[in-house]
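Here is the structure we will look at, set down as structure tokens.
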Amino acid sequence: PTQIIYAFQLSTSTKYVAPLIRLSKIFKFHRLVAWNDRTECRTSVPTLWRIVTLFTIMLMVMHWNACVYYFVSTTVVRQGKEGRSLFIYPYEYDYDNDTGSQTPNKFASPAMKYAVSLYWSTQTMTTIGEMEQPEELWEYVYMTIIFLIGVMIFASVVGSIGNIITNLRANRSVFQDRLDHLKEYMGYRNVGKDLQNRIIRWFDYLWAQNHTFEEEDVLKYLPDK
């Protein structure tokens with residue numbers, strides 16, 4: 001139903017009403033989560049899908065932060081070039097002292113608006129590089145909140161990537177542990193070197209042919225019929 005309302009041309013005085021109406025789509029977020037879970041279960045490369053999902057979430061949060069930054073810079077704070085804080089988005093017009101007119105500059109294009117806002121969002125959330133020092137109270141409060149959110153997000157990202165890497169090497173670790181125990185056992189039983197090499201080559205063949213998993217452990221999760 002909100003699409004019908006959004007289709008109507010709204011006046012310039014209510015230019016922010018239309019985007020706010022579209023916020024109702026956030027209630028469909030559970031469908032996206034369900035679709036992601038189904039895709040992860042059905043894909044043949046679940047590890048790659050988890051990495052893509054992780055970076056998508058990270059980019060989505062940075063995108064939202066960029067939108068909030070531009071919205072605050074152009075609506076909440078004082079507009080105008082004189083006395084403008086360097087912390088917020090640059091002024092989009094150049095003032096001509098002779099004619100008293102204002103002409104749009106390079107920061108007035110939509111592409112530049114999004115690029116600058118996304119760059120600012122990425123820089124603040126990753127705390128990489130030098131930034132303009134906040135001047136107003138709300139700027140300090142806003143930066144503190146963004147820093148805390150950035151710390152939580154990237155702690156989650158690092159932890160998730162660590163788990164993904166661990167899962168990638170899980171089968172290899174189990175295989176290597178079994179092979180190490182077998183070598184210790186053969187040494188304890190004084191097995192001949194020729195037989196030891198044949199057994200080790202057999203294990204290498206199993207690993208190359210992906211026959212290292214226990215077939216019984218896989219089949220027990222399948223239905224009987």
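Chain labels A, B, ... are given in the sequence in which chains occur in the structure tokens; within each chain residues are numbered consecutively from 1, and ligands are likewise numbered from 1 in the order shown.
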
Residues within 12 Å of segment 32-45 of chain A, only C-alpha atoms, excluding chain neighbours under 5 positions, as a list in words | Lys25, Ile26, Phe27, Arg50, Ile51, Val52, Thr53, Leu54, Thr56, Ile57 and Leu168 of chain A

Since we have the selection now, will you write its residues out, keeping N, CA and C atoms, as a compact mmCIF listing (two decimals), in the first residue's frame?
```
# COMPACT_ATOMS: atom_id res chain seq x y z
N LYS A 25 9.16 -0.85 4.58
CA LYS A 25 9.70 -2.07 3.98
C LYS A 25 10.64 -2.81 4.94
N ILE A 26 11.08 -2.14 5.99
CA ILE A 26 11.99 -2.81 6.92
C ILE A 26 11.29 -3.95 7.65
N PHE A 27 9.94 -3.92 7.67
CA PHE A 27 9.21 -5.01 8.32
C PHE A 27 9.28 -6.30 7.50
N ARG A 50 28.85 -17.29 2.97
CA ARG A 50 28.95 -16.63 4.27
C ARG A 50 29.85 -15.40 4.18
N ILE A 51 30.92 -15.49 3.41
CA ILE A 51 31.81 -14.33 3.25
C ILE A 51 31.09 -13.20 2.52
N VAL A 52 30.35 -13.54 1.46
CA VAL A 52 29.59 -12.53 0.72
C VAL A 52 28.54 -11.89 1.60
N THR A 53 27.84 -12.69 2.40
CA THR A 53 26.83 -12.16 3.32
C THR A 53 27.45 -11.23 4.35
N LEU A 54 28.61 -11.61 4.86
CA LEU A 54 29.28 -10.80 5.87
C LEU A 54 29.65 -9.43 5.33
N THR A 56 28.36 -7.97 2.72
CA THR A 56 27.14 -7.25 2.35
C THR A 56 26.56 -6.52 3.56
N ILE A 57 26.53 -7.19 4.71
CA ILE A 57 26.03 -6.56 5.93
C ILE A 57 26.90 -5.38 6.31
N LEU A 168 37.25 -23.94 7.25
CA LEU A 168 37.88 -24.39 6.01
C LEU A 168 38.97 -25.42 6.27
```

With a distance cut-off of 10 Å and only C-alpha atoms, select the neighbouring residues of Met58 of chain A, excluding the residue or stretch itself and same-chain residues fewer than 4 positions from it, and output the selection as an NGL selection string.
-> :A and (52-54 or 62-63 or 122 or 150 or 153-154 or 156-157)

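The residues of segment 93-194 of chain A that DSSP classifies as strand (DSSP E or B), using the backbone of this structure, are Tyr93, Asp94, Tyr95, Gln102, Thr103 and Pro104 of chain A.
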
Report the distance between atom CA of Arg172 of chain A and atom CA of Arg198 of chain A in Å, rounded to one decimal place.
-> 20.1 Å

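The interatomic distance for the pair atom CA of Thr127 of chain A and atom CA of Thr47 of chain A works out to 28.0 Å.
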
DSSP-assigned alpha helix (DSSP H) among segment 6-215 of chain A, expressed as a PyMOL selection string = chain A and resi 6-7+17-21+29-42+46-71+110-126+137-168+170-188+193-208+215

Suppose we keep C-alpha atoms; can you now write the selection as a compact mmCIF listing (two decimals), in the first residue's frame?
```txt
# COMPACT_ATOMS: atom_id res chain seq x y z
CA TYR A 6 4.85 6.98 -2.78
CA ALA A 7 3.68 7.27 -6.39
CA VAL A 17 8.12 12.29 3.61
CA ALA A 18 8.41 9.89 0.67
CA PRO A 19 11.64 8.21 1.87
CA LEU A 20 10.18 7.91 5.37
CA ILE A 21 7.14 6.14 3.94
CA PHE A 29 13.49 -7.95 6.74
CA HIS A 30 12.59 -11.39 8.08
CA ARG A 31 11.96 -12.54 4.50
CA LEU A 32 15.51 -11.59 3.56
CA VAL A 33 16.87 -13.52 6.54
CA ALA A 34 14.82 -16.59 5.60
CA TRP A 35 15.98 -16.36 1.96
CA ASN A 36 19.62 -16.09 3.08
CA ASP A 37 19.27 -19.17 5.30
CA ARG A 38 17.71 -21.21 2.49
CA THR A 39 20.41 -20.12 0.03
CA GLU A 40 23.18 -21.01 2.48
CA CYS A 41 21.69 -24.49 2.94
CA ARG A 42 21.26 -25.15 -0.79
CA PRO A 46 28.43 -22.23 1.72
CA THR A 47 31.72 -20.78 2.92
CA LEU A 48 31.88 -18.35 0.01
CA TRP A 49 28.24 -17.42 0.59
CA ARG A 50 28.95 -16.63 4.27
CA ILE A 51 31.81 -14.33 3.25
CA VAL A 52 29.59 -12.53 0.72
CA THR A 53 26.83 -12.16 3.32
CA LEU A 54 29.28 -10.80 5.87
CA PHE A 55 30.64 -8.11 3.57
CA THR A 56 27.14 -7.25 2.35
CA ILE A 57 26.03 -6.56 5.93
CA MET A 58 29.12 -4.45 6.52
CA LEU A 59 28.52 -2.39 3.37
CA MET A 60 24.84 -1.99 4.25
CA VAL A 61 25.68 -0.53 7.67
CA MET A 62 28.21 1.83 6.09
CA HIS A 63 25.58 2.89 3.54
CA TRP A 64 23.06 3.66 6.29
CA ASN A 65 25.66 5.65 8.20
CA ALA A 66 26.49 7.63 5.03
CA CYS A 67 22.80 8.45 4.53
CA VAL A 68 22.44 9.63 8.14
CA TYR A 69 25.60 11.72 7.79
CA TYR A 70 24.34 13.52 4.68
CA PHE A 71 20.87 13.97 6.13
CA PRO A 110 24.42 13.19 -6.64
CA ALA A 111 27.42 10.97 -7.39
CA MET A 112 29.76 13.21 -5.40
CA LYS A 113 27.27 13.41 -2.52
CA TYR A 114 27.12 9.66 -2.19
CA ALA A 115 30.86 9.13 -2.76
CA VAL A 116 31.89 11.68 -0.13
CA SER A 117 29.31 10.46 2.39
CA LEU A 118 30.26 6.80 1.90
CA TYR A 119 33.96 7.65 2.15
CA TRP A 120 33.31 9.55 5.40
CA SER A 121 31.26 6.64 6.74
CA THR A 122 33.96 4.09 5.88
CA GLN A 123 36.67 6.25 7.39
CA THR A 124 34.83 6.80 10.66
CA MET A 125 33.65 3.22 11.15
CA THR A 126 37.09 1.75 10.39
CA LEU A 137 28.49 18.94 20.98
CA TRP A 138 26.30 16.85 18.66
CA GLU A 139 29.36 16.06 16.53
CA TYR A 140 31.20 14.60 19.53
CA VAL A 141 28.13 12.58 20.53
CA TYR A 142 27.58 11.36 16.97
CA MET A 143 31.22 10.35 16.52
CA THR A 144 31.24 8.49 19.83
CA ILE A 145 28.18 6.46 18.81
CA ILE A 146 29.67 5.70 15.37
CA PHE A 147 32.98 4.61 16.89
CA LEU A 148 31.21 2.21 19.26
CA ILE A 149 29.12 0.75 16.44
CA GLY A 150 32.23 0.42 14.26
CA VAL A 151 34.12 -1.43 17.01
CA MET A 152 31.26 -3.91 17.45
CA ILE A 153 30.85 -4.47 13.71
CA PHE A 154 34.51 -5.08 12.97
CA ALA A 155 34.93 -7.26 16.05
CA SER A 156 32.10 -9.38 14.66
CA VAL A 157 33.69 -9.35 11.19
CA VAL A 158 37.09 -10.47 12.48
CA GLY A 159 35.49 -13.18 14.61
CA SER A 160 33.33 -14.43 11.75
CA ILE A 161 36.25 -14.53 9.31
CA GLY A 162 38.28 -16.42 11.90
CA ASN A 163 35.50 -18.99 12.24
CA ILE A 164 35.22 -19.33 8.46
CA ILE A 165 38.96 -19.94 8.11
CA THR A 166 38.85 -22.46 10.96
CA ASN A 167 35.99 -24.33 9.30
CA LEU A 168 37.88 -24.39 6.01
CA ALA A 170 38.65 -28.36 9.99
CA ASN A 171 38.72 -31.44 7.74
CA ARG A 172 42.44 -31.05 7.09
CA SER A 173 43.12 -30.73 10.84
CA VAL A 174 41.17 -33.91 11.62
CA PHE A 175 42.94 -35.77 8.82
CA GLN A 176 46.36 -34.57 9.97
CA ASP A 177 45.66 -35.58 13.59
CA ARG A 178 44.70 -39.10 12.50
CA LEU A 179 47.82 -39.37 10.36
CA ASP A 180 50.03 -38.15 13.21
CA HIS A 181 48.53 -40.72 15.60
CA LEU A 182 49.03 -43.42 12.99
CA LYS A 183 52.70 -42.47 12.58
CA GLU A 184 53.20 -42.61 16.35
CA TYR A 185 51.52 -46.03 16.48
CA MET A 186 53.62 -47.41 13.62
CA GLY A 187 56.76 -46.15 15.32
CA TYR A 188 55.69 -47.72 18.61
CA LYS A 193 59.80 -48.10 6.71
CA ASP A 194 58.55 -49.55 3.45
CA LEU A 195 55.18 -50.41 4.96
CA GLN A 196 54.98 -47.02 6.68
CA ASN A 197 55.54 -45.23 3.38
CA ARG A 198 52.87 -47.34 1.68
CA ILE A 199 50.35 -46.52 4.43
CA ILE A 200 51.17 -42.79 4.30
CA ARG A 201 50.81 -42.80 0.50
CA TRP A 202 47.43 -44.47 0.94
CA PHE A 203 46.31 -41.69 3.26
CA ASP A 204 47.54 -39.10 0.77
CA TYR A 205 45.47 -40.84 -1.88
CA LEU A 206 42.38 -40.72 0.36
CA TRP A 207 42.84 -36.99 0.94
CA ALA A 208 43.33 -36.30 -2.77
CA GLU A 215 30.52 -42.27 5.27
```

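Between atom CA of Thr103 of chain A and atom CA of Tyr91 of chain A the interatomic distance comes to 11.1 Å.
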
What's the 10 Å shell around Glu132 of chain A, counting only C-alpha atoms, without same-chain residues fewer than 3 positions away, as number ranges by chain?
-> A: 85-88, 135
